[in-house]
Amino acid sequence: MANIAFIGLGVMGAPMAGHLAKAGHAVTVYNRSIAKAKSWAEAYGGTVAISPAKAAEECDIVISCVGTDDDLSQVTLGREGAFRTMKPGGLFIDHTTVSARIARQLSVEGESLGIHCVDAPVSGGQTGAENGKLSIMCGGSEPAVAAARIVMQAYAARIVHVGGAGAGQTTKMVNQIAIAGVLQGLSEGLRFAQAAELDLDKVFEAISGGAAQSWQMDNRWGSMAQDSFDFGFAVDWMRKDLGLALDEARANGATLPVTALVDQFYADVLAMGGGRQDTSALVRRITRA
C-alpha cells in the first residue's frame, strides 16, 4: 500500500481517489474548493491538505486530475505546487487531458528533480471513473509506467503504455478525434431515421449488431432520441480537447478537416446553452424534419 496525494476532486478525480482509498492506500487530497475535499474525506476517511505542496510532502506518489494546462502548471510548478515538496524517486501521474507540450515539460522538470512522470489521460467518462473501468493511455518511461500501473489498476479496466513523454496526451487526442466523427455520424443518422418516420428502437436493433455499432451508439442512441443530455462528458470539455488536437495537428502537419468542422458544430451547441450537456448534444444543432 502506498501514501498517495490526489489533486483535483471533480467528477472524475473524486471517484478515482475513492477507489484508491477503498483499495487500502493512504490518500491525502487537495482541491481548490476545500469544502469538496472535506466532503470526500468524510466519505472515504482520507486526509485533507491545504495546498498541493502540503499534500505531496509525505507521499511517494502524487496523482492529478485537474482542468487545463494552466491548472496543471499551477498545482505542479506553482509557488505551492507539488513538485516543490516531492522527494527524489517519487512518482507523478497526471490524468488531466492537456497539451502534449506541458506533459513533456513536466517530464523534463521532473527528471531534473529526480521525479518520475507519467502522462495518463483517461477515457470512459464519469461512469467509467465511478465503476473503476477507465481506459488509460500512458506516456513516460517503462519503469515509471510500470510503477504507475500498480496504482492505476484500482480504477482502470485497460492500461496501455503508448510511448515516451507526451504520447499519452497525443493518444487521447486521437480518441477525441474519433469520437467527434462518430457522434456527428450518429447525430445525422438519428435525424435521418426520424425524418423517415422509422421506429427508432427497431433501427437501433437492426444496425447496432453490424458495422455501424459503436460505444456511442450503444450508450447514446436512446438518450439522444429522448433529447436527454444532462449527464456525461460535457461539451465544454470536448471543445477544449478538440482545440488541443487541432493545435497539435498544426504543429505536426496532420490534416483534420472533419474534426475542425465538428469543433465548430460544438460551438453552435455552446451558443444554444449546451456547454454542460453531454457531447451527444451535438444532435441538437440538426433541426428535425
# chains A, B, ... in the order shown; residues from 1 in each chain; ligands from 1
>>> select_by_dssp(residues="segment 142-250 of chain A", states="strand (DSSP E)", output="PyMOL selection string")
chain A and resi 156-163
>>> residues_around(residues="Asp230 of chain A", least_positions_apart="5", cutoff="8 Å", atoms="only C-alpha atoms", output="ChimeraX atom specification")
/A:276-278
>>> atom_distance(atom1="atom CA of Tyr266 of chain A", atom2="atom CA of Trp215 of chain A")
19.7 Å
>>> atom_distance(atom1="atom CA of Gln216 of chain A", atom2="atom CA of Trp237 of chain A")
16.9 Å
>>> closest_atom_pairs(of="segment 91-149 of chain A", to="segment 18-42 of chain A", cutoff="9 Å", atoms="only C-alpha atoms", output="CSV")
residue,atom,partner,partner_atom,distance
A:Ala129,CA,A:His19,CA,8.9
A:Glu130,CA,A:His19,CA,8.4
A:Asn131,CA,A:His19,CA,9.0
A:Gly132,CA,A:His19,CA,7.1
>>> write_last_selection(atoms="C-alpha atoms", output="mmCIF file, in the first residue's frame")
data_model
loop_
_atom_site.group_PDB
_atom_site.id
_atom_site.type_symbol
_atom_site.label_atom_id
_atom_site.label_comp_id
_atom_site.auth_asym_id
_atom_site.auth_seq_id
_atom_site.Cartn_x
_atom_site.Cartn_y
_atom_site.Cartn_z
ATOM 1 C CA ALA A 129 -14.478 6.548 -13.173
ATOM 2 C CA GLU A 130 -17.268 5.613 -10.783
ATOM 3 C CA ASN A 131 -17.206 1.959 -11.834
ATOM 4 C CA GLY A 132 -13.405 1.718 -11.878
#
